[in-house]
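Visitor: Can you read through this structure? Questions will come right after.
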Amino acid sequence: MKRTVTLIRGDGIGPEISAATLKILEAAGAEFEWDEQIAGLAAVEQEKDPLPQHTIDSIERTRLALKGPLATPKGEGYRSVNVALRQHFDLYANVRPVRTIAGVPSRYTDVDLVVVRENTEDIYSGIEHYVGPGRMAAESIAVITRQGSERIVRWALEYARKEKRKKVTLVHKANILKYSNGLFLDVGREVAKAYPDVPFDDMIVDATAMLLVKDPTKLDVIVTMNLFGDILSDLCAGLVGGLGVAPGANLGKDLAIFEAVHGTAPDIAGKGLANPTAMTLAGAELCDYAGQREAAGRVRSAVYASLGVEAERTRDLGGKADTRGFTDAVCRRLAQSRS
Ligand SMILES: NC(=O)c1ccc[n+]([C@@H]2O[C@H](COP(=O)([O-])OP(=O)(O)OC[C@H]3O[C@@H](n4cnc5c(N)ncnc54)[C@H](O)[C@@H]3O)[C@@H](O)[C@H]2O)c1
């Protein structure tokens, strides 16, 4: 029986990359039924609500979603739907694997990193206000809890053990933020004691940023808080060719939302230029999660093969293809491999 998955095509380039992804997943033999829903700007325009109840109900039912990027107004307007979804469904682990892809121009040839970002706490708790008259100052409160720290570090250690990774590095700024980051670090060290077989260390975030740029092979699995994870995961995507190739998963206890790491790319929306790789690789992760491992493997092989050919990869990666050209090339490869 086909597994039902909530599909949110998203804003900006979302509809273009979603259409490409669905085509590629189908060509790979993935077996899903899509329960299509809206959120973000599309939902504000149609229903004056960025996250309609029927969209939440659908994800509640299916326990699985594939989501395109959603626009968030900067500084004013509605709160980020991505953050709201993560908090509503308690999707506490944001997992972004980053690997060198042959043929995709980048500064390094041997990057293999996983960023595990705590997804519900920290400065993203939504507790913000102005102080004093006339917006003289503003405060944002970072909330770090023992329970939130414990489960994310445990997730990273379990993952490292299962996937036979080299080590886990907890990234923090506990030298300055002694309470919030200090708690995260202390809890992390306690949890790690139960995993003597998984090498574990910690590093200050600024030093980590430098090391990632100098020699990314020195790091393996990074586990960190929400804000640092947000920034470092984009930095890591930049090490392997950019946001256009980075998939992400938001995982909770028994519910998962898969997405591209990048945003809505308003500068190229509607021009047929978007690179659907990140969303398609998120689709491959979805296949894995749903137990459709063969389809996942087929998607990755075909996508990687097309990315290795200049005429087939998209222009953001120095190629010559547009969205349709890339999608058709990947689908042709899939058709050949399955015939
Ligand atoms: N997960 C999400 O839904 C998510 C993530 C980040 C940003 N956003 C939202 O997206 C909007 C735009 O944000 P931004 O401009 O800061 O970041 P962005 O990721 O949309 O764009 C940054 C740059 O990368 C390029 N780019 C991104 N994805 C691409 C792709 N698939 N193919 C080719 N080029 C691509 C864009 O053209 C742009 O030049 C904002 O409203 C932001 O809130 C959403």
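A note on labels: chains of the structure tokens are A, B, ... as shown, every chain counts residues from 1, and ligands are counted from 1 in their shown order.
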Using only C-alpha atoms and all ligand atoms, find each residue in chain A having at least one atom no more than 7 Å away from ligand 1; report its shortest atom-to-atom pair and that distance in Å (one decimal), rows by chain then rising number, as a tab-separated table.

Guide:
residue	atom	partner	partner_atom_place_in_ligand_line	distance
A:Gly68	CA	ligand 1	3 (O)	6.4
A:Pro69	CA	ligand 1	3 (O)	3.3
A:Leu70	CA	ligand 1	3 (O)	3.9
A:Ala71	CA	ligand 1	41 (O)	3.5
A:Thr72	CA	ligand 1	43 (O)	3.8
A:Pro73	CA	ligand 1	41 (O)	5.6
A:Lys74	CA	ligand 1	43 (O)	6.9
A:Asn82	CA	ligand 1	3 (O)	6.0
A:Leu243	CA	ligand 1	28 (N)	5.7
A:Gly244	CA	ligand 1	31 (N)	4.2
A:Glu259	CA	ligand 1	1 (N)	6.6
A:Ala260	CA	ligand 1	1 (N)	6.3
A:Val261	CA	ligand 1	1 (N)	5.4
A:His262	CA	ligand 1	19 (O)	3.9
A:Gly263	CA	ligand 1	20 (O)	3.2
A:Thr264	CA	ligand 1	20 (O)	4.0
A:Ala265	CA	ligand 1	20 (O)	3.3
A:Pro266	CA	ligand 1	12 (C)	6.1
A:Asp267	CA	ligand 1	37 (O)	5.4
A:Ile268	CA	ligand 1	37 (O)	5.4
A:Leu273	CA	ligand 1	33 (C)	6.6
A:Ala274	CA	ligand 1	32 (N)	3.9
A:Asn275	CA	ligand 1	32 (N)	3.7
A:Pro276	CA	ligand 1	31 (N)	5.4
A:Thr277	CA	ligand 1	31 (N)	7.0
A:Ala278	CA	ligand 1	31 (N)	6.6
A:Asp316	CA	ligand 1	33 (C)	5.3

Visitor: Could you save those same residues with N, CA and C atoms as an mmCIF file, in the first residue's frame?

Guide:
data_model
loop_
_atom_site.group_PDB
_atom_site.id
_atom_site.type_symbol
_atom_site.label_atom_id
_atom_site.label_comp_id
_atom_site.auth_asym_id
_atom_site.auth_seq_id
_atom_site.Cartn_x
_atom_site.Cartn_y
_atom_site.Cartn_z
ATOM 1 N N GLY A 68 8.337 22.283 0.582
ATOM 2 C CA GLY A 68 9.168 23.251 -0.126
ATOM 3 C C GLY A 68 9.461 24.425 0.803
ATOM 4 N N PRO A 69 10.325 25.354 0.369
ATOM 5 C CA PRO A 69 10.653 26.496 1.230
ATOM 6 C C PRO A 69 9.456 27.426 1.404
ATOM 7 N N LEU A 70 9.372 28.058 2.565
ATOM 8 C CA LEU A 70 8.265 28.967 2.863
ATOM 9 C C LEU A 70 8.813 30.353 3.177
ATOM 10 N N ALA A 71 8.164 31.367 2.644
ATOM 11 C CA ALA A 71 8.635 32.745 2.867
ATOM 12 C C ALA A 71 8.297 33.199 4.278
ATOM 13 N N THR A 72 9.251 33.879 4.898
ATOM 14 C CA THR A 72 9.000 34.494 6.210
ATOM 15 C C THR A 72 9.328 35.969 6.077
ATOM 16 N N PRO A 73 8.353 36.853 6.362
ATOM 17 C CA PRO A 73 8.663 38.285 6.273
ATOM 18 C C PRO A 73 9.752 38.651 7.279
ATOM 19 N N LYS A 74 10.668 39.512 6.875
ATOM 20 C CA LYS A 74 11.773 39.889 7.770
ATOM 21 C C LYS A 74 11.346 41.024 8.701
ATOM 22 N N ASN A 82 8.047 27.628 9.460
ATOM 23 C CA ASN A 82 8.976 26.504 9.700
ATOM 24 C C ASN A 82 9.198 26.316 11.197
ATOM 25 N N LEU A 243 23.595 25.957 -1.176
ATOM 26 C CA LEU A 243 22.292 25.590 -0.622
ATOM 27 C C LEU A 243 21.462 24.744 -1.579
ATOM 28 N N GLY A 244 21.766 24.873 -2.849
ATOM 29 C CA GLY A 244 20.969 24.139 -3.850
ATOM 30 C C GLY A 244 21.122 22.628 -3.784
ATOM 31 N N GLU A 259 12.769 18.516 3.944
ATOM 32 C CA GLU A 259 12.743 19.791 3.209
ATOM 33 C C GLU A 259 14.112 20.087 2.597
ATOM 34 N N ALA A 260 14.104 21.047 1.677
ATOM 35 C CA ALA A 260 15.373 21.598 1.192
ATOM 36 C C ALA A 260 15.860 22.563 2.251
ATOM 37 N N VAL A 261 17.166 22.757 2.321
ATOM 38 C CA VAL A 261 17.720 23.666 3.341
ATOM 39 C C VAL A 261 17.560 25.137 2.928
ATOM 40 N N HIS A 262 17.524 25.370 1.625
ATOM 41 C CA HIS A 262 17.517 26.768 1.151
ATOM 42 C C HIS A 262 16.134 27.415 1.289
ATOM 43 N N GLY A 263 16.090 28.704 0.985
ATOM 44 C CA GLY A 263 14.847 29.449 1.067
ATOM 45 C C GLY A 263 14.102 29.489 -0.261
ATOM 46 N N THR A 264 13.237 30.507 -0.400
ATOM 47 C CA THR A 264 12.317 30.564 -1.541
ATOM 48 C C THR A 264 12.960 31.167 -2.789
ATOM 49 N N ALA A 265 14.200 31.643 -2.662
ATOM 50 C CA ALA A 265 14.956 32.221 -3.789
ATOM 51 C C ALA A 265 14.094 33.146 -4.653
ATOM 52 N N PRO A 266 13.557 34.220 -4.055
ATOM 53 C CA PRO A 266 12.649 35.098 -4.821
ATOM 54 C C PRO A 266 13.301 35.694 -6.062
ATOM 55 N N ASP A 267 14.640 35.813 -6.044
ATOM 56 C CA ASP A 267 15.329 36.418 -7.201
ATOM 57 C C ASP A 267 15.228 35.577 -8.467
ATOM 58 N N ILE A 268 14.993 34.272 -8.323
ATOM 59 C CA ILE A 268 14.904 33.439 -9.538
ATOM 60 C C ILE A 268 13.548 32.718 -9.661
ATOM 61 N N LEU A 273 14.813 28.426 -13.365
ATOM 62 C CA LEU A 273 16.259 28.270 -13.159
ATOM 63 C C LEU A 273 16.610 27.521 -11.877
ATOM 64 N N ALA A 274 15.613 27.267 -11.039
ATOM 65 C CA ALA A 274 15.903 26.708 -9.709
ATOM 66 C C ALA A 274 16.505 25.315 -9.803
ATOM 67 N N ASN A 275 17.396 25.070 -8.891
ATOM 68 C CA ASN A 275 18.021 23.752 -8.810
ATOM 69 C C ASN A 275 17.183 22.879 -7.859
ATOM 70 N N PRO A 276 16.594 21.807 -8.357
ATOM 71 C CA PRO A 276 15.735 20.992 -7.478
ATOM 72 C C PRO A 276 16.494 19.942 -6.669
ATOM 73 N N THR A 277 17.839 19.957 -6.716
ATOM 74 C CA THR A 277 18.609 18.879 -6.077
ATOM 75 C C THR A 277 18.311 18.736 -4.587
ATOM 76 N N ALA A 278 18.326 19.856 -3.850
ATOM 77 C CA ALA A 278 18.153 19.760 -2.394
ATOM 78 C C ALA A 278 16.810 19.129 -2.054
ATOM 79 N N ASP A 316 23.349 27.449 -11.155
ATOM 80 C CA ASP A 316 23.911 27.840 -9.860
ATOM 81 C C ASP A 316 25.137 27.003 -9.536
#

Visitor: Determine which residues of stretch 5-209 of chain A DSSP labels as strand (DSSP E or B) from the backbone of this structure, then write them out as an NGL selection string.

Guide: :A and (5-8 or 32-37 or 64-67 or 93-99 or 112-118 or 122 or 128-131 or 137-140 or 143 or 168-172 or 200-204)

Visitor: Would you save the residues of that selection, restricted to C-alpha atoms, as an mmCIF file, in the first residue's frame?

Guide:
data_model
loop_
_atom_site.group_PDB
_atom_site.id
_atom_site.type_symbol
_atom_site.label_atom_id
_atom_site.label_comp_id
_atom_site.auth_asym_id
_atom_site.auth_seq_id
_atom_site.Cartn_x
_atom_site.Cartn_y
_atom_site.Cartn_z
ATOM 1 C CA VAL A 5 2.654 11.946 2.720
ATOM 2 C CA THR A 6 1.605 15.555 3.247
ATOM 3 C CA LEU A 7 2.997 17.721 0.457
ATOM 4 C CA ILE A 8 3.526 21.462 0.881
ATOM 5 C CA PHE A 32 3.695 7.666 -2.146
ATOM 6 C CA GLU A 33 0.291 9.265 -2.252
ATOM 7 C CA TRP A 34 0.415 13.004 -1.764
ATOM 8 C CA ASP A 35 -2.009 14.839 0.475
ATOM 9 C CA GLU A 36 -1.472 18.340 -0.841
ATOM 10 C CA GLN A 37 -1.708 21.232 1.628
ATOM 11 C CA LEU A 64 5.218 12.445 7.304
ATOM 12 C CA ALA A 65 5.647 15.543 5.142
ATOM 13 C CA LEU A 66 7.697 16.840 2.235
ATOM 14 C CA LYS A 67 7.899 20.605 2.258
ATOM 15 C CA ALA A 93 16.285 17.179 15.629
ATOM 16 C CA ASN A 94 17.220 18.991 12.452
ATOM 17 C CA VAL A 95 19.626 16.770 10.582
ATOM 18 C CA ARG A 96 21.617 17.962 7.602
ATOM 19 C CA PRO A 97 24.073 15.605 5.962
ATOM 20 C CA VAL A 98 26.688 17.360 3.827
ATOM 21 C CA ARG A 99 28.821 15.364 1.434
ATOM 22 C CA ASP A 112 31.538 14.281 4.832
ATOM 23 C CA LEU A 113 29.793 16.030 7.715
ATOM 24 C CA VAL A 114 26.471 15.805 9.515
ATOM 25 C CA VAL A 115 25.073 18.782 11.396
ATOM 26 C CA VAL A 116 22.581 17.829 14.110
ATOM 27 C CA ARG A 117 20.836 20.997 15.219
ATOM 28 C CA GLU A 118 18.519 21.324 18.205
ATOM 29 C CA ASP A 122 17.482 28.622 22.090
ATOM 30 C CA GLU A 128 11.088 38.752 22.223
ATOM 31 C CA HIS A 129 10.021 42.236 23.186
ATOM 32 C CA TYR A 130 10.949 45.876 22.996
ATOM 33 C CA VAL A 131 12.249 47.620 26.079
ATOM 34 C CA ALA A 137 16.069 48.507 22.889
ATOM 35 C CA ALA A 138 14.928 44.938 22.273
ATOM 36 C CA GLU A 139 15.428 41.668 24.077
ATOM 37 C CA SER A 140 15.337 38.113 22.728
ATOM 38 C CA VAL A 143 15.879 29.142 26.396
ATOM 39 C CA VAL A 168 30.661 13.736 17.719
ATOM 40 C CA THR A 169 31.646 17.342 18.449
ATOM 41 C CA LEU A 170 29.356 19.448 20.648
ATOM 42 C CA VAL A 171 29.553 23.084 19.531
ATOM 43 C CA HIS A 172 28.808 25.913 22.010
ATOM 44 C CA PHE A 200 33.161 12.858 21.796
ATOM 45 C CA ASP A 201 34.652 16.323 22.177
ATOM 46 C CA ASP A 202 33.466 19.923 22.274
ATOM 47 C CA MET A 203 34.477 23.116 20.554
ATOM 48 C CA ILE A 204 33.632 26.814 20.743
#

Visitor: Which is closer to A:Ala28 than all the others in A:His54, A:Arg300, A:Arg63, A:Lys48, using only C-alpha atoms?

Guide: A:Arg300

Visitor: Which residue, A:Ala296, A:Ala20, A:Ala249, A:Leu185, has the smallest gap to A:Glu150 when you use only C-alpha atoms?

Guide: A:Leu185

Visitor: Can you pull out the residues contacting A:Ala39? Cut-off 7 Å, using only C-alpha atoms, and skip same-chain residues under 3 positions away; I want them as a list of chain:residue names.

Guide: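 Counting only C-alpha atoms, the residues come to A:Ile8, A:Gly10, A:Ala42, A:Ala43, A:Pro50, A:Leu51, A:Pro52.
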
Visitor: Work out how far apart atom CA of A:Thr323 and atom CA of A:Val299 are and give it in Å to one decimal.

Guide: 16.2 Å

Visitor: Skip A:Cys287 itself and residues of its chain fewer than 2 positions away, then list as JSON, numbers by chain all residues within 9 Å of it, counting only C-alpha atoms.

Guide: {"A": [25, 30, 31, 32, 282, 283, 284, 285, 289, 290, 291, 292, 293, 294, 295, 296, 297]}

Visitor: Hey, can you spit out that residue selection with N, CA and C atoms as a tab-separated table (two decimals), in the first residue's frame?

Guide:
chain	number	residue	atom	x	y	z
A	25	LEU	N	10.84	11.33	-8.12
A	25	LEU	CA	10.47	10.24	-7.19
A	25	LEU	C	9.61	9.20	-7.90
A	30	ALA	N	9.28	5.37	-6.36
A	30	ALA	CA	8.85	5.62	-4.97
A	30	ALA	C	7.33	5.53	-4.91
A	31	GLU	N	6.83	4.94	-3.83
A	31	GLU	CA	5.39	4.72	-3.74
A	31	GLU	C	4.77	5.59	-2.66
A	32	PHE	N	4.35	6.75	-3.10
A	32	PHE	CA	3.69	7.67	-2.15
A	32	PHE	C	2.40	8.17	-2.75
A	282	ALA	N	16.06	15.55	-0.40
A	282	ALA	CA	15.17	15.45	0.78
A	282	ALA	C	14.13	14.36	0.50
A	283	GLY	N	13.68	14.28	-0.75
A	283	GLY	CA	12.75	13.21	-1.14
A	283	GLY	C	13.39	11.83	-0.97
A	284	ALA	N	14.69	11.74	-1.26
A	284	ALA	CA	15.40	10.47	-1.09
A	284	ALA	C	15.46	10.10	0.40
A	285	GLU	N	15.69	11.12	1.23
A	285	GLU	CA	15.70	10.87	2.69
A	285	GLU	C	14.32	10.40	3.15
A	289	TYR	N	13.36	6.97	5.10
A	289	TYR	CA	12.59	7.00	6.35
A	289	TYR	C	11.35	6.10	6.24
A	290	ALA	N	10.75	6.08	5.02
A	290	ALA	CA	9.53	5.29	4.81
A	290	ALA	C	9.86	3.84	4.45
A	291	GLY	N	11.13	3.47	4.52
A	291	GLY	CA	11.52	2.08	4.24
A	291	GLY	C	11.66	1.76	2.76
A	292	GLN	N	11.65	2.80	1.90
A	292	GLN	CA	11.79	2.57	0.46
A	292	GLN	C	13.25	2.84	0.06
A	293	ARG	N	14.12	1.98	0.55
A	293	ARG	CA	15.56	2.22	0.43
A	293	ARG	C	16.06	2.10	-1.01
A	294	GLU	N	15.46	1.18	-1.76
A	294	GLU	CA	15.92	1.03	-3.16
A	294	GLU	C	15.61	2.28	-3.97
A	295	ALA	N	14.40	2.80	-3.78
A	295	ALA	CA	14.02	4.03	-4.51
A	295	ALA	C	14.95	5.17	-4.08
A	296	ALA	N	15.25	5.25	-2.79
A	296	ALA	CA	16.14	6.31	-2.30
A	296	ALA	C	17.50	6.22	-2.99
A	297	GLY	N	18.04	5.02	-3.06
A	297	GLY	CA	19.34	4.81	-3.69
A	297	GLY	C	19.31	5.18	-5.17

Visitor: Smallest atom-to-atom distance to A:Ile176: which of A:Val205, A:Asp57, A:Thr62, A:Val191, using only C-alpha atoms?

Guide: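 Using only C-alpha atoms, A:Ile176 sits closest to A:Val205.
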
Visitor: So which one's closest to A:Leu177, A:Ile127, A:Ala156, A:Val303, A:Ile144? Using only C-alpha atoms, please.

Guide: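 Between A:Ile127, A:Ala156, A:Val303, A:Ile144, the residue approaching A:Leu177 most closely is A:Ile144.
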
Visitor: One decimal, Å: what's the distance from atom CA of A:Asp90 over to atom CA of A:Thr224, could you say?

Guide: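 A separation of 16.9 Å between them.
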
Visitor: From the set A:Cys331, A:Ile123, A:Val187, A:Val223, which residue has the shortest atom-to-atom contact distance to A:Ser149, counting only C-alpha atoms?

Guide: A:Val187

Visitor: Provide the atom CA of A:Glu26 to atom CA of A:Thr314 distance in Å, to one decimal place.

Guide: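 Here the two named atoms are 20.9 Å from each other.
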
Visitor: Let's see if you can do this: from backbone DSSP, list all helix (DSSP H, G or I) residues in stretch 45-229 of chain A, as a ChimeraX atom specification.

Guide: /A:45-47,53-62,81-88,123-125,133-135,146-162,180-192,205-214,216-218,226-229

Visitor: Could you check the closest approach to A:Met210 for each of A:Leu235, A:Leu255, A:Ala192, A:Leu183 and tell me which residue wins, using only C-alpha atoms?

Guide: A:Leu235

Visitor: Please identify all polymer residues within 9 Å of A:Ile24, counting only C-alpha atoms, omitting same-chain residues fewer than 5 positions from it, and present them as a list in words.

Guide: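 Counting only the stated atoms, we get Ala19, Gly29, Ala30, Thr280, Val299, Thr327, Asp328, Val330, Cys331 and Leu334 of chain A.
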
Visitor: Give me a file of those residues, with N, CA and C atoms, as a PDB file, in the first residue's frame.

Guide:
ATOM      1  N   ALA A  19       7.555  20.187  -8.164  1.00  0.00           N
ATOM      2  CA  ALA A  19       7.119  19.455  -9.361  1.00  0.00           C
ATOM      3  C   ALA A  19       8.253  18.563  -9.861  1.00  0.00           C
ATOM      4  N   GLY A  29      10.368   5.046  -8.870  1.00  0.00           N
ATOM      5  CA  GLY A  29       9.515   3.969  -8.343  1.00  0.00           C
ATOM      6  C   GLY A  29       9.136   4.153  -6.889  1.00  0.00           C
ATOM      7  N   ALA A  30       9.280   5.373  -6.363  1.00  0.00           N
ATOM      8  CA  ALA A  30       8.851   5.619  -4.975  1.00  0.00           C
ATOM      9  C   ALA A  30       7.326   5.533  -4.912  1.00  0.00           C
ATOM     10  N   THR A 280      14.978  17.251  -3.992  1.00  0.00           N
ATOM     11  CA  THR A 280      14.942  15.872  -4.473  1.00  0.00           C
ATOM     12  C   THR A 280      15.710  14.949  -3.520  1.00  0.00           C
ATOM     13  N   VAL A 299      17.302   7.359  -6.627  1.00  0.00           N
ATOM     14  CA  VAL A 299      17.216   8.822  -6.762  1.00  0.00           C
ATOM     15  C   VAL A 299      18.604   9.430  -6.598  1.00  0.00           C
ATOM     16  N   THR A 327      15.807  17.995 -14.546  1.00  0.00           N
ATOM     17  CA  THR A 327      14.799  17.005 -14.144  1.00  0.00           C
ATOM     18  C   THR A 327      14.661  15.926 -15.219  1.00  0.00           C
ATOM     19  N   ASP A 328      14.581  16.350 -16.458  1.00  0.00           N
ATOM     20  CA  ASP A 328      14.431  15.380 -17.553  1.00  0.00           C
ATOM     21  C   ASP A 328      15.651  14.465 -17.635  1.00  0.00           C
ATOM     22  N   VAL A 330      17.672  13.579 -15.187  1.00  0.00           N
ATOM     23  CA  VAL A 330      17.633  12.618 -14.077  1.00  0.00           C
ATOM     24  C   VAL A 330      16.591  11.532 -14.382  1.00  0.00           C
ATOM     25  N   CYS A 331      15.442  11.926 -14.881  1.00  0.00           N
ATOM     26  CA  CYS A 331      14.381  10.947 -15.176  1.00  0.00           C
ATOM     27  C   CYS A 331      14.816   9.985 -16.282  1.00  0.00           C
ATOM     28  N   LEU A 334      16.970   7.440 -14.724  1.00  0.00           N
ATOM     29  CA  LEU A 334      16.180   6.497 -13.926  1.00  0.00           C
ATOM     30  C   LEU A 334      15.471   5.494 -14.835  1.00  0.00           C
TER      31      LEU A 334
END

Visitor: With only C-alpha atoms as the counted atoms, please give the residues lying no more than 10 Å from A:Arg146, apart from itself and same-chain residues fewer than 5 positions off, as JSON, numbers by chain.

Guide: {"A": [151, 180, 183, 184, 186, 187, 188]}

Visitor: For the selection just defined, write its residues with N, CA and C atoms to a file, as an mmCIF file, in the first residue's frame.

Guide:
data_model
loop_
_atom_site.group_PDB
_atom_site.id
_atom_site.type_symbol
_atom_site.label_atom_id
_atom_site.label_comp_id
_atom_site.auth_asym_id
_atom_site.auth_seq_id
_atom_site.Cartn_x
_atom_site.Cartn_y
_atom_site.Cartn_z
ATOM 1 N N ARG A 151 18.138 15.210 24.943
ATOM 2 C CA ARG A 151 17.621 14.370 23.846
ATOM 3 C C ARG A 151 18.345 14.630 22.526
ATOM 4 N N SER A 180 23.219 29.433 29.723
ATOM 5 C CA SER A 180 22.493 28.670 28.697
ATOM 6 C C SER A 180 23.424 27.669 27.992
ATOM 7 N N LEU A 183 24.898 25.038 30.351
ATOM 8 C CA LEU A 183 23.995 23.911 30.646
ATOM 9 C C LEU A 183 24.045 22.890 29.504
ATOM 10 N N PHE A 184 23.992 23.383 28.280
ATOM 11 C CA PHE A 184 24.025 22.482 27.114
ATOM 12 C C PHE A 184 25.303 21.636 27.132
ATOM 13 N N ASP A 186 27.342 20.981 29.769
ATOM 14 C CA ASP A 186 27.399 20.071 30.922
ATOM 15 C C ASP A 186 26.525 18.841 30.689
ATOM 16 N N VAL A 187 25.302 19.083 30.193
ATOM 17 C CA VAL A 187 24.385 17.964 29.948
ATOM 18 C C VAL A 187 24.965 17.059 28.859
ATOM 19 N N GLY A 188 25.510 17.676 27.821
ATOM 20 C CA GLY A 188 26.097 16.894 26.737
ATOM 21 C C GLY A 188 27.211 15.982 27.234
#
